[in-house]
$ cat target23.cif   # mmCIF, C-alpha atoms and all ligand atoms
data_start
#
loop_
_atom_site.group_PDB
_atom_site.id
_atom_site.type_symbol
_atom_site.label_atom_id
_atom_site.label_comp_id
_atom_site.auth_asym_id
_atom_site.auth_seq_id
_atom_site.Cartn_x
_atom_site.Cartn_y
_atom_site.Cartn_z
ATOM 1 C CA MET Y 230 -119.324 -11.600 60.196
ATOM 2 C CA THR Y 231 -120.112 -15.210 59.258
ATOM 3 C CA GLU Y 232 -120.748 -17.476 62.231
ATOM 4 C CA ASN Y 233 -118.732 -20.695 62.178
ATOM 5 C CA VAL Y 234 -121.172 -23.561 62.198
ATOM 6 C CA SER Y 235 -119.420 -26.877 62.599
ATOM 7 C CA SER Y 236 -116.469 -28.330 64.453
ATOM 8 C CA THR Y 237 -116.254 -31.143 61.909
ATOM 9 C CA VAL Y 238 -116.540 -31.238 58.146
ATOM 10 C CA PRO Y 239 -118.319 -34.387 56.936
ATOM 11 C CA ALA Y 240 -116.056 -36.636 54.836
ATOM 12 C CA GLY Y 241 -116.601 -36.206 51.115
ATOM 13 C CA THR Y 242 -118.143 -32.746 51.374
ATOM 14 C CA PRO Y 243 -117.170 -30.733 48.243
ATOM 15 C CA ALA Y 244 -114.814 -27.918 49.269
ATOM 16 C CA GLY Y 245 -117.230 -25.141 48.243
ATOM 17 C CA ASP Y 246 -120.142 -26.638 50.226
ATOM 18 C CA ALA Y 247 -118.211 -27.424 53.391
ATOM 19 C CA PRO Y 248 -119.532 -25.700 56.503
ATOM 20 C CA LYS Y 249 -116.882 -23.391 57.898
ATOM 21 C CA ARG Y 250 -114.805 -25.196 60.494
ATOM 22 C CA LYS Y 251 -114.611 -23.703 63.962
ATOM 23 C CA ARG Y 252 -112.230 -24.411 66.802
ATOM 24 C CA PHE Y 253 -113.267 -27.331 69.003
ATOM 25 C CA ARG Y 254 -114.527 -25.923 72.293
ATOM 26 C CA VAL Y 255 -115.243 -27.453 75.669
ATOM 27 C CA GLN Y 256 -119.003 -27.232 75.000
ATOM 28 C CA ASP Y 257 -118.589 -29.529 72.003
ATOM 29 C CA PHE Y 258 -117.736 -32.567 74.127
ATOM 30 C CA VAL Y 259 -121.250 -33.365 75.343
ATOM 31 C CA ALA Y 260 -122.900 -32.149 72.114
ATOM 32 C CA ARG Y 261 -120.748 -34.576 70.114
ATOM 33 C CA LYS Y 262 -121.514 -37.450 72.492
ATOM 34 C CA GLU Y 263 -125.249 -36.752 72.288
ATOM 35 C CA ALA Y 264 -125.034 -36.643 68.486
ATOM 36 C CA GLY Y 265 -123.136 -39.965 68.427
ATOM 37 C CA ASP Y 266 -120.377 -38.185 66.497
ATOM 38 C CA LYS Y 267 -117.086 -39.882 67.447
ATOM 39 C CA LEU Y 268 -114.272 -37.669 68.716
ATOM 40 C CA THR Y 269 -110.820 -37.952 67.145
ATOM 41 C CA MET Y 270 -107.665 -37.231 69.103
ATOM 42 C CA LEU Y 271 -103.989 -37.705 68.207
ATOM 43 C CA THR Y 272 -100.862 -36.927 70.137
ATOM 44 C CA ALA Y 273 -98.574 -34.193 68.827
ATOM 45 C CA TYR Y 274 -95.311 -33.073 70.363
ATOM 46 C CA ASP Y 275 -94.292 -30.262 67.987
ATOM 47 C CA GLY Y 276 -95.684 -27.693 65.603
ATOM 48 C CA VAL Y 277 -94.779 -29.583 62.414
ATOM 49 C CA THR Y 278 -96.991 -32.577 63.133
ATOM 50 C CA ALA Y 279 -99.640 -30.472 64.917
ATOM 51 C CA ARG Y 280 -100.181 -28.385 61.767
ATOM 52 C CA ILE Y 281 -100.600 -31.504 59.617
ATOM 53 C CA PHE Y 282 -103.071 -33.216 61.981
ATOM 54 C CA ASP Y 283 -105.011 -29.986 62.567
ATOM 55 C CA ASP Y 284 -105.279 -29.484 58.832
ATOM 56 C CA ALA Y 285 -106.460 -33.095 58.424
ATOM 57 C CA GLY Y 286 -109.390 -32.318 60.734
ATOM 58 C CA VAL Y 287 -108.593 -33.953 64.076
ATOM 59 C CA ASP Y 288 -110.750 -32.623 66.945
ATOM 60 C CA LEU Y 289 -108.207 -32.774 69.754
ATOM 61 C CA LEU Y 290 -104.416 -32.707 69.878
ATOM 62 C CA LEU Y 291 -102.895 -34.274 72.969
ATOM 63 C CA VAL Y 292 -99.469 -33.099 74.008
ATOM 64 C CA GLY Y 293 -98.953 -36.342 75.854
ATOM 65 C CA ASP Y 294 -96.270 -37.077 78.399
ATOM 66 C CA SER Y 295 -95.691 -40.049 76.085
ATOM 67 C CA ILE Y 296 -93.228 -37.531 74.617
ATOM 68 C CA GLY Y 297 -90.921 -39.184 77.171
ATOM 69 C CA ASP Y 298 -90.771 -42.620 75.540
ATOM 70 C CA ASN Y 299 -91.655 -41.512 71.990
ATOM 71 C CA MET Y 300 -89.390 -38.495 71.482
ATOM 72 C CA LEU Y 301 -87.032 -37.886 74.405
ATOM 73 C CA GLY Y 302 -85.447 -41.331 74.650
ATOM 74 C CA HIS Y 303 -86.798 -42.235 78.105
ATOM 75 C CA GLU Y 304 -88.154 -45.689 78.929
ATOM 76 C CA ASN Y 305 -91.473 -44.293 80.107
ATOM 77 C CA THR Y 306 -93.297 -41.061 80.945
ATOM 78 C CA ILE Y 307 -92.026 -40.688 84.499
ATOM 79 C CA PRO Y 308 -88.901 -38.532 83.922
ATOM 80 C CA VAL Y 309 -90.787 -35.909 81.855
ATOM 81 C CA THR Y 310 -90.800 -32.466 83.500
ATOM 82 C CA LEU Y 311 -93.413 -29.723 83.521
ATOM 83 C CA ASP Y 312 -90.975 -27.383 81.741
ATOM 84 C CA GLU Y 313 -90.467 -29.917 78.921
ATOM 85 C CA MET Y 314 -94.228 -30.318 78.594
ATOM 86 C CA ILE Y 315 -94.774 -26.550 78.434
ATOM 87 C CA VAL Y 316 -92.218 -26.131 75.623
ATOM 88 C CA ALA Y 317 -93.815 -28.947 73.598
ATOM 89 C CA ALA Y 318 -97.365 -27.711 74.222
ATOM 90 C CA ARG Y 319 -96.422 -24.162 73.206
ATOM 91 C CA SER Y 320 -95.092 -25.402 69.890
ATOM 92 C CA VAL Y 321 -98.287 -27.425 69.274
ATOM 93 C CA ALA Y 322 -100.626 -24.603 70.346
ATOM 94 C CA ARG Y 323 -98.914 -22.057 68.097
ATOM 95 C CA ALA Y 324 -99.357 -24.309 65.057
ATOM 96 C CA THR Y 325 -102.989 -25.239 65.706
ATOM 97 C CA LYS Y 326 -106.003 -23.336 64.394
ATOM 98 C CA TYR Y 327 -108.974 -25.633 65.008
ATOM 99 C CA ALA Y 328 -108.225 -28.567 67.302
ATOM 100 C CA MET Y 329 -108.424 -28.212 71.062
ATOM 101 C CA VAL Y 330 -104.912 -28.553 72.482
ATOM 102 C CA VAL Y 331 -104.846 -30.718 75.613
ATOM 103 C CA ALA Y 332 -101.587 -30.920 77.577
ATOM 104 C CA ASP Y 333 -100.676 -33.640 80.053
ATOM 105 C CA LEU Y 334 -99.513 -32.585 83.490
ATOM 106 C CA PRO Y 335 -96.511 -34.867 84.050
ATOM 107 C CA PHE Y 336 -95.785 -37.182 86.977
ATOM 108 C CA GLY Y 337 -94.958 -35.286 90.160
ATOM 109 C CA SER Y 338 -96.564 -32.011 89.096
ATOM 110 C CA TYR Y 339 -100.096 -32.419 90.515
ATOM 111 C CA GLU Y 340 -100.654 -35.478 92.717
ATOM 112 C CA ALA Y 341 -99.722 -33.992 96.111
ATOM 113 C CA SER Y 342 -102.657 -31.576 96.459
ATOM 114 C CA PRO Y 343 -105.306 -29.596 94.556
ATOM 115 C CA GLU Y 344 -103.103 -26.530 95.092
ATOM 116 C CA GLN Y 345 -100.094 -28.207 93.469
ATOM 117 C CA ALA Y 346 -102.335 -29.212 90.557
ATOM 118 C CA PHE Y 347 -103.579 -25.632 90.206
ATOM 119 C CA THR Y 348 -100.052 -24.164 90.256
ATOM 120 C CA SER Y 349 -98.863 -26.595 87.566
ATOM 121 C CA ALA Y 350 -101.986 -26.286 85.416
ATOM 122 C CA ALA Y 351 -101.855 -22.478 85.584
ATOM 123 C CA ALA Y 352 -98.180 -22.557 84.535
ATOM 124 C CA MET Y 353 -99.132 -24.835 81.633
ATOM 125 C CA MET Y 354 -102.055 -22.675 80.479
ATOM 126 C CA LYS Y 355 -100.087 -19.409 80.738
ATOM 127 C CA GLY Y 356 -96.855 -20.774 79.304
ATOM 128 C CA SER Y 357 -98.188 -22.818 76.410
ATOM 129 C CA GLY Y 358 -101.567 -21.594 75.199
ATOM 130 C CA ALA Y 359 -103.064 -25.086 75.581
ATOM 131 C CA GLN Y 360 -106.822 -25.072 76.171
ATOM 132 C CA ALA Y 361 -107.093 -27.976 78.626
ATOM 133 C CA VAL Y 362 -104.991 -30.257 80.792
ATOM 134 C CA LYS Y 363 -105.147 -34.015 81.272
ATOM 135 C CA ILE Y 364 -104.350 -35.736 84.558
ATOM 136 C CA GLU Y 365 -104.349 -39.386 85.606
ATOM 137 C CA GLY Y 366 -106.486 -40.891 88.373
ATOM 138 C CA GLY Y 367 -110.062 -41.102 89.635
ATOM 139 C CA GLN Y 368 -111.564 -40.535 93.068
ATOM 140 C CA ARG Y 369 -108.161 -39.743 94.586
ATOM 141 C CA ILE Y 370 -107.773 -36.640 92.377
ATOM 142 C CA ALA Y 371 -111.429 -35.565 92.220
ATOM 143 C CA ALA Y 372 -110.736 -32.587 94.518
ATOM 144 C CA HIS Y 373 -107.882 -31.541 92.211
ATOM 145 C CA VAL Y 374 -110.185 -31.675 89.164
ATOM 146 C CA LYS Y 375 -112.820 -29.670 91.026
ATOM 147 C CA LEU Y 376 -110.404 -26.865 91.894
ATOM 148 C CA LEU Y 377 -109.043 -26.715 88.334
ATOM 149 C CA THR Y 378 -112.426 -26.654 86.643
ATOM 150 C CA GLN Y 379 -113.824 -24.125 89.131
ATOM 151 C CA SER Y 380 -110.759 -21.996 88.344
ATOM 152 C CA GLY Y 381 -111.549 -22.045 84.633
ATOM 153 C CA ILE Y 382 -109.219 -24.812 83.485
ATOM 154 C CA PRO Y 383 -110.875 -27.583 81.446
ATOM 155 C CA VAL Y 384 -109.727 -31.043 82.547
ATOM 156 C CA ILE Y 385 -109.664 -34.382 80.738
ATOM 157 C CA GLY Y 386 -109.381 -37.405 83.045
ATOM 158 C CA HIS Y 387 -107.377 -40.566 82.350
ATOM 159 C CA LEU Y 388 -108.336 -43.983 83.779
ATOM 160 C CA GLY Y 389 -107.524 -47.640 83.163
ATOM 161 C CA LEU Y 390 -103.830 -47.990 82.426
ATOM 162 C CA THR Y 391 -102.379 -44.793 83.845
ATOM 163 C CA PRO Y 392 -98.749 -44.893 82.658
ATOM 164 C CA GLN Y 393 -97.507 -42.536 85.389
ATOM 165 C CA SER Y 394 -98.399 -45.313 87.895
ATOM 166 C CA GLU Y 395 -96.960 -48.152 85.848
ATOM 167 C CA ASN Y 396 -94.584 -49.108 88.673
ATOM 168 C CA MET Y 397 -97.580 -49.700 90.955
ATOM 169 C CA LEU Y 398 -99.570 -51.415 88.207
ATOM 170 C CA GLY Y 399 -96.747 -53.847 87.362
ATOM 171 C CA GLY Y 400 -96.225 -52.640 83.805
ATOM 172 C CA LYS Y 401 -98.404 -51.768 80.828
ATOM 173 C CA ARG Y 402 -101.270 -54.243 81.340
ATOM 174 C CA VAL Y 403 -104.979 -54.333 80.561
ATOM 175 C CA GLN Y 404 -106.839 -52.943 83.593
ATOM 176 C CA ALA Y 405 -110.288 -53.495 85.152
ATOM 177 C CA ARG Y 406 -110.642 -57.154 84.185
ATOM 178 C CA SER Y 407 -112.246 -58.233 87.473
ATOM 179 C CA ASP Y 408 -115.797 -57.223 88.448
ATOM 180 C CA ALA Y 409 -114.475 -55.309 91.460
ATOM 181 C CA ALA Y 410 -111.924 -53.394 89.375
ATOM 182 C CA ALA Y 411 -114.548 -52.638 86.712
ATOM 183 C CA GLU Y 412 -116.883 -51.292 89.409
ATOM 184 C CA GLN Y 413 -114.046 -49.122 90.807
ATOM 185 C CA LEU Y 414 -113.401 -47.797 87.300
ATOM 186 C CA CYS Y 415 -117.074 -46.785 87.011
ATOM 187 C CA GLN Y 416 -116.902 -45.030 90.399
ATOM 188 C CA ASP Y 417 -113.688 -43.229 89.383
ATOM 189 C CA ALA Y 418 -115.233 -42.085 86.096
ATOM 190 C CA LEU Y 419 -118.348 -40.805 87.877
ATOM 191 C CA ALA Y 420 -116.165 -38.959 90.414
ATOM 192 C CA LEU Y 421 -114.285 -37.204 87.588
ATOM 193 C CA GLN Y 422 -117.547 -36.224 85.903
ATOM 194 C CA GLU Y 423 -118.961 -34.947 89.195
ATOM 195 C CA ALA Y 424 -115.786 -32.886 89.726
ATOM 196 C CA GLY Y 425 -116.268 -31.173 86.354
ATOM 197 C CA ALA Y 426 -114.050 -33.135 83.944
ATOM 198 C CA SER Y 427 -114.963 -32.609 80.276
ATOM 199 C CA ALA Y 428 -114.068 -36.118 79.067
ATOM 200 C CA VAL Y 429 -112.258 -39.230 80.255
ATOM 201 C CA VAL Y 430 -109.539 -41.161 78.428
ATOM 202 C CA LEU Y 431 -109.844 -44.932 78.974
ATOM 203 C CA GLU Y 432 -106.585 -46.751 78.273
ATOM 204 C CA MET Y 433 -106.265 -50.555 77.931
ATOM 205 C CA VAL Y 434 -109.638 -51.467 79.365
ATOM 206 C CA PRO Y 435 -111.727 -54.485 78.199
ATOM 207 C CA ALA Y 436 -114.248 -53.313 75.589
ATOM 208 C CA PRO Y 437 -117.390 -54.285 77.588
ATOM 209 C CA VAL Y 438 -116.112 -52.338 80.613
ATOM 210 C CA ALA Y 439 -115.343 -49.282 78.487
ATOM 211 C CA ALA Y 440 -118.817 -49.563 76.932
ATOM 212 C CA ARG Y 441 -120.383 -49.632 80.408
ATOM 213 C CA VAL Y 442 -118.424 -46.533 81.518
ATOM 214 C CA SER Y 443 -119.456 -44.739 78.332
ATOM 215 C CA GLU Y 444 -123.091 -45.620 79.018
ATOM 216 C CA ILE Y 445 -123.175 -44.275 82.572
ATOM 217 C CA LEU Y 446 -121.357 -41.012 81.819
ATOM 218 C CA ALA Y 447 -122.894 -37.896 80.287
ATOM 219 C CA ILE Y 448 -119.402 -36.718 79.288
ATOM 220 C CA PRO Y 449 -117.549 -38.544 76.502
ATOM 221 C CA THR Y 450 -115.029 -41.323 76.887
ATOM 222 C CA ILE Y 451 -112.014 -41.383 74.576
ATOM 223 C CA GLY Y 452 -110.554 -44.847 74.199
ATOM 224 C CA ILE Y 453 -107.095 -46.185 73.506
ATOM 225 C CA GLY Y 454 -107.175 -49.969 73.595
ATOM 226 C CA ALA Y 455 -110.752 -49.772 74.881
ATOM 227 C CA GLY Y 456 -112.738 -51.079 71.894
ATOM 228 C CA LYS Y 457 -115.203 -49.221 69.699
ATOM 229 C CA ASP Y 458 -118.117 -48.615 72.111
ATOM 230 C CA VAL Y 459 -116.592 -45.418 73.447
ATOM 231 C CA ASP Y 460 -117.251 -41.840 72.340
ATOM 232 C CA GLY Y 461 -113.941 -41.262 70.584
ATOM 233 C CA GLN Y 462 -110.467 -42.634 69.965
ATOM 234 C CA VAL Y 463 -106.945 -41.437 70.670
ATOM 235 C CA LEU Y 464 -103.669 -42.823 69.342
ATOM 236 C CA VAL Y 465 -100.024 -41.880 69.702
ATOM 237 C CA TRP Y 466 -99.270 -40.380 66.294
ATOM 238 C CA LEU Y 467 -96.133 -42.452 65.704
ATOM 239 C CA ASP Y 468 -98.203 -45.628 66.096
ATOM 240 C CA MET Y 469 -101.002 -44.269 63.886
ATOM 241 C CA ALA Y 470 -98.626 -43.194 61.100
ATOM 242 C CA GLY Y 471 -96.330 -46.240 61.200
ATOM 243 C CA MET Y 472 -93.140 -44.464 62.232
ATOM 244 C CA GLY Y 473 -91.553 -47.596 63.633
ATOM 245 C CA ASP Y 474 -91.575 -51.346 62.964
ATOM 246 C CA TRP Y 475 -93.656 -52.034 66.064
ATOM 247 C CA SER Y 476 -96.857 -50.646 67.522
ATOM 248 C CA PRO Y 477 -99.092 -51.872 70.361
ATOM 249 C CA ARG Y 478 -101.788 -54.460 69.514
ATOM 250 C CA PHE Y 479 -104.570 -51.906 70.009
ATOM 251 C CA ALA Y 480 -103.068 -49.419 67.531
ATOM 252 C CA LYS Y 481 -103.520 -49.577 63.767
ATOM 253 C CA GLN Y 482 -100.814 -48.256 61.429
ATOM 254 C CA PHE Y 483 -102.608 -46.044 58.904
ATOM 255 C CA GLY Y 484 -99.421 -45.327 56.971
ATOM 256 C CA ALA Y 485 -95.773 -46.279 56.600
ATOM 257 C CA VAL Y 486 -94.299 -42.854 57.320
ATOM 258 C CA GLY Y 487 -91.126 -44.199 58.928
ATOM 259 C CA ALA Y 488 -90.294 -46.234 55.796
ATOM 260 C CA ALA Y 489 -91.121 -43.263 53.542
ATOM 261 C CA LEU Y 490 -88.809 -40.958 55.547
ATOM 262 C CA ARG Y 491 -86.020 -43.516 55.511
ATOM 263 C CA ALA Y 492 -86.388 -43.911 51.718
ATOM 264 C CA ALA Y 493 -86.245 -40.127 51.244
ATOM 265 C CA ALA Y 494 -83.107 -39.869 53.392
ATOM 266 C CA THR Y 495 -81.482 -42.793 51.541
ATOM 267 C CA ASP Y 496 -82.238 -41.174 48.157
ATOM 268 C CA TYR Y 497 -80.833 -37.854 49.389
ATOM 269 C CA ILE Y 498 -77.591 -39.471 50.544
ATOM 270 C CA GLY Y 499 -77.280 -41.371 47.246
ATOM 271 C CA GLU Y 500 -77.854 -38.272 45.107
ATOM 272 C CA VAL Y 501 -75.392 -36.145 47.084
ATOM 273 C CA LYS Y 502 -72.731 -38.832 46.669
ATOM 274 C CA SER Y 503 -73.478 -39.367 42.948
ATOM 275 C CA GLN Y 504 -73.712 -35.576 42.442
ATOM 276 C CA ALA Y 505 -77.189 -35.918 40.907
ATOM 277 C CA PHE Y 506 -78.236 -33.352 43.554
ATOM 278 C CA PRO Y 507 -78.130 -30.381 43.387
ATOM 279 C CA GLY Y 508 -79.146 -30.145 39.714
ATOM 280 C CA PRO Y 509 -79.220 -26.977 37.598
ATOM 281 C CA GLU Y 510 -82.765 -26.258 38.829
ATOM 282 C CA HIS Y 511 -81.461 -26.027 42.413
ATOM 283 C CA THR Y 512 -78.466 -23.904 41.524
ATOM 284 C CA PHE Y 513 -78.059 -20.101 41.277
ATOM 285 C CA GLU Y 514 -76.103 -18.640 38.356
ATOM 286 C CA LYS Y 515 -74.016 -15.511 38.775
HETATM 287 O O1 LIG P 1 -99.399 -39.411 76.859
HETATM 288 C C1 LIG P 1 -100.157 -39.969 76.053
HETATM 289 O O2 LIG P 1 -99.841 -40.160 74.870
HETATM 290 C C2 LIG P 1 -101.460 -40.412 76.531
HETATM 291 C C3 LIG P 1 -102.279 -41.242 75.596
HETATM 292 C C4 LIG P 1 -101.771 -42.635 75.611
HETATM 293 C C5 LIG P 1 -103.714 -41.177 75.909
HETATM 294 O O3 LIG P 1 -101.821 -40.148 77.635
#
$ encode --input "target23.cif" --output "structure tokens"
Amino acid sequence: MTENVSSTVPAGTPAGDAPKRKRFRVQDFVARKEAGDKLTMLTAYDGVTARIFDDAGVDLLLVGDSIGDNMLGHENTIPVTLDEMIVAARSVARATKYAMVVADLPFGSYEASPEQAFTSAAAMMKGSGAQAVKIEGGQRIAAHVKLLTQSGIPVIGHLGLTPQSENMLGGKRVQARSDAAAEQLCQDALALQEAGASAVVLEMVPAPVAARVSEILAIPTIGIGAGKDVDGQVLVWLDMAGMGDWSPRFAKQFGAVGAALRAAATDYIGEVKSQAFPGPEHTFEK
């Protein structure tokens, strides 16, 4: 049997010469950081988008609790339940062949104790087929991360703006601007690494602070609003693809998918009304 040799296919490689792509594994995190090969992560909340992003070559698919504000009509991530997350993660995992599927544990499902975190993470892993979980916080959840990783559950940390705590943080603001807060962020990141985390997401952190955290860690950092001197990037797919008119300042719209969908729906409505659709080619004869 041929051994798969690469978790990424270099851009521009002719199809016939491309090394066979293998599924991204937990061991690839540090190898990719050491090679200076940036990690790519996108959110996905269903199998349709997961299949497209997986096929495009993304390394990691994040079933984010941002499903709350992006898909479920909530104002933020706080109302999202573990059951909702498991359903979404199952749909993503079933559609994904190569990317590592990382599922958020939602607010209220892990903070109280390492045991609560284990119960929720085990339910997620069994119920969805995701390959890792992501949880928010630093030193205060290090014991939780340690129990999960020692139990065989890969964990991605999340520091900086942690949306599940947005009520304590006073909204969605850039974090770690002061020297003291930047130092605390470094200590939190080191505590997650020490506890066995595979990578750390840094959200809305000044670029020099994110660069410093990336320098002191052996595990990769994955930034969102954290500048370019991190080991990878993550975006919410709706922001990346241009689904809406607005996206946060740190996100770039790489397409205008919302406008394209709207145009397709408008054309469909017009053609049904004008009876241009269905044409003979869409119609069965007796
Ligand atoms: O839920 C989410 O989409 C996230 C990203 C913002 C990193 O946690």
$ residues_near_ligand --input "target23.cif" --ligand "ligand LIG 1 (chain P)" --cutoff "7 Å" --atoms "only C-alpha atoms and all ligand atoms" --output "PDB file with C-alpha atoms, in the frame of the given file"
ATOM      1  CA  THR Y 272    -100.862 -36.927  70.137  1.00  0.00           C
ATOM      2  CA  LEU Y 291    -102.895 -34.274  72.969  1.00  0.00           C
ATOM      3  CA  VAL Y 292     -99.469 -33.099  74.008  1.00  0.00           C
ATOM      4  CA  GLY Y 293     -98.953 -36.342  75.854  1.00  0.00           C
ATOM      5  CA  ASP Y 294     -96.270 -37.077  78.399  1.00  0.00           C
ATOM      6  CA  SER Y 295     -95.691 -40.049  76.085  1.00  0.00           C
ATOM      7  CA  ILE Y 296     -93.228 -37.531  74.617  1.00  0.00           C
ATOM      8  CA  ASP Y 333    -100.676 -33.640  80.053  1.00  0.00           C
ATOM      9  CA  VAL Y 430    -109.539 -41.161  78.428  1.00  0.00           C
ATOM     10  CA  GLU Y 432    -106.585 -46.751  78.273  1.00  0.00           C
ATOM     11  CA  ILE Y 453    -107.095 -46.185  73.506  1.00  0.00           C
ATOM     12  CA  VAL Y 463    -106.945 -41.437  70.670  1.00  0.00           C
ATOM     13  CA  LEU Y 464    -103.669 -42.823  69.342  1.00  0.00           C
ATOM     14  CA  VAL Y 465    -100.024 -41.880  69.702  1.00  0.00           C
TER      15      VAL Y 465
END
$ residues_around --input "target23.cif" --residues "stretch 388-397 of chain Y" --least-positions-apart "6" --cutoff "10 Å" --atoms "only C-alpha atoms" --output "PyMOL selection string"
chain Y and resi 294-295+305-308+335-337+364-367+403-405+410-411+414-415+417-418+421+429-435+439+450+452-455
$ write_last_selection --input "target23.cif" --atoms "C-alpha atoms" --output "PDB file, in the coordinates of the input"
ATOM      1  CA  ASP Y 294     -96.270 -37.077  78.399  1.00  0.00           C
ATOM      2  CA  SER Y 295     -95.691 -40.049  76.085  1.00  0.00           C
ATOM      3  CA  ASN Y 305     -91.473 -44.293  80.107  1.00  0.00           C
ATOM      4  CA  THR Y 306     -93.297 -41.061  80.945  1.00  0.00           C
ATOM      5  CA  ILE Y 307     -92.026 -40.688  84.499  1.00  0.00           C
ATOM      6  CA  PRO Y 308     -88.901 -38.532  83.922  1.00  0.00           C
ATOM      7  CA  PRO Y 335     -96.511 -34.867  84.050  1.00  0.00           C
ATOM      8  CA  PHE Y 336     -95.785 -37.182  86.977  1.00  0.00           C
ATOM      9  CA  GLY Y 337     -94.958 -35.286  90.160  1.00  0.00           C
ATOM     10  CA  ILE Y 364    -104.350 -35.736  84.558  1.00  0.00           C
ATOM     11  CA  GLU Y 365    -104.349 -39.386  85.606  1.00  0.00           C
ATOM     12  CA  GLY Y 366    -106.486 -40.891  88.373  1.00  0.00           C
ATOM     13  CA  GLY Y 367    -110.062 -41.102  89.635  1.00  0.00           C
ATOM     14  CA  VAL Y 403    -104.979 -54.333  80.561  1.00  0.00           C
ATOM     15  CA  GLN Y 404    -106.839 -52.943  83.593  1.00  0.00           C
ATOM     16  CA  ALA Y 405    -110.288 -53.495  85.152  1.00  0.00           C
ATOM     17  CA  ALA Y 410    -111.924 -53.394  89.375  1.00  0.00           C
ATOM     18  CA  ALA Y 411    -114.548 -52.638  86.712  1.00  0.00           C
ATOM     19  CA  LEU Y 414    -113.401 -47.797  87.300  1.00  0.00           C
ATOM     20  CA  CYS Y 415    -117.074 -46.785  87.011  1.00  0.00           C
ATOM     21  CA  ASP Y 417    -113.688 -43.229  89.383  1.00  0.00           C
ATOM     22  CA  ALA Y 418    -115.233 -42.085  86.096  1.00  0.00           C
ATOM     23  CA  LEU Y 421    -114.285 -37.204  87.588  1.00  0.00           C
ATOM     24  CA  VAL Y 429    -112.258 -39.230  80.255  1.00  0.00           C
ATOM     25  CA  VAL Y 430    -109.539 -41.161  78.428  1.00  0.00           C
ATOM     26  CA  LEU Y 431    -109.844 -44.932  78.974  1.00  0.00           C
ATOM     27  CA  GLU Y 432    -106.585 -46.751  78.273  1.00  0.00           C
ATOM     28  CA  MET Y 433    -106.265 -50.555  77.931  1.00  0.00           C
ATOM     29  CA  VAL Y 434    -109.638 -51.467  79.365  1.00  0.00           C
ATOM     30  CA  PRO Y 435    -111.727 -54.485  78.199  1.00  0.00           C
ATOM     31  CA  ALA Y 439    -115.343 -49.282  78.487  1.00  0.00           C
ATOM     32  CA  THR Y 450    -115.029 -41.323  76.887  1.00  0.00           C
ATOM     33  CA  GLY Y 452    -110.554 -44.847  74.199  1.00  0.00           C
ATOM     34  CA  ILE Y 453    -107.095 -46.185  73.506  1.00  0.00           C
ATOM     35  CA  GLY Y 454    -107.175 -49.969  73.595  1.00  0.00           C
ATOM     36  CA  ALA Y 455    -110.752 -49.772  74.881  1.00  0.00           C
TER      37      ALA Y 455
END
$ axis_aligned_box --input "target23.cif" --around "stretch 379-392 of chain Y" --padding-each-side "4 Å" --output "AutoDock Vina command-line options"
--center_x -106.3 --center_y -35.0 --center_z 84.9 --size_x 23.1 --size_y 34.0 --size_z 16.4
$ resolve_selection --input "target23.cif" --expression "the PyMOL selection byres (((chain Y and resi 319-330) around 9) and not hetatm)" --output "PyMOL selection string"
chain Y and resi 236+250-255+270+273-280+282-284+286-292+314-318+331-332+353+356-362
$ atom_distance --input "target23.cif" --atom1 "atom CA of Y:Ile382" --atom2 "atom CA of Y:Phe347"
8.8 Å
$ resolve_selection --input "target23.cif" --expression "the PyMOL selection byres (((chain Y and resi 480-490) around 7) and not hetatm)" --output "list in words"
Leu464, Asp468, Met469, Ala470, Gly471, Met472, Gly473, Ser476, Pro477, Arg478, Phe479, Arg491, Ala492, Ala493 and Ala494 of chain Y
$ closest_residue --input "target23.cif" --among "Y:Phe258, Y:Asp496, Y:Glu344, Y:Gly399" --to "Y:Val384" --atoms "all atoms listed in the file"
Y:Phe258
$ atom_distance --input "target23.cif" --atom1 "atom CA of Y:Ala341" --atom2 "atom CA of Y:Ala409"
26.3 Å
$ residues_around --input "target23.cif" --residues "Y:Gln422" --least-positions-apart "6" --cutoff "10 Å" --atoms "all atoms listed in the file" --output "ChimeraX atom specification"
/Y:367,371,374-375,384-386,416,428-429,446-449
$ atom_distance --input "target23.cif" --atom1 "atom CA of Y:Val309" --atom2 "atom CA of Y:Gly297"
5.7 Å
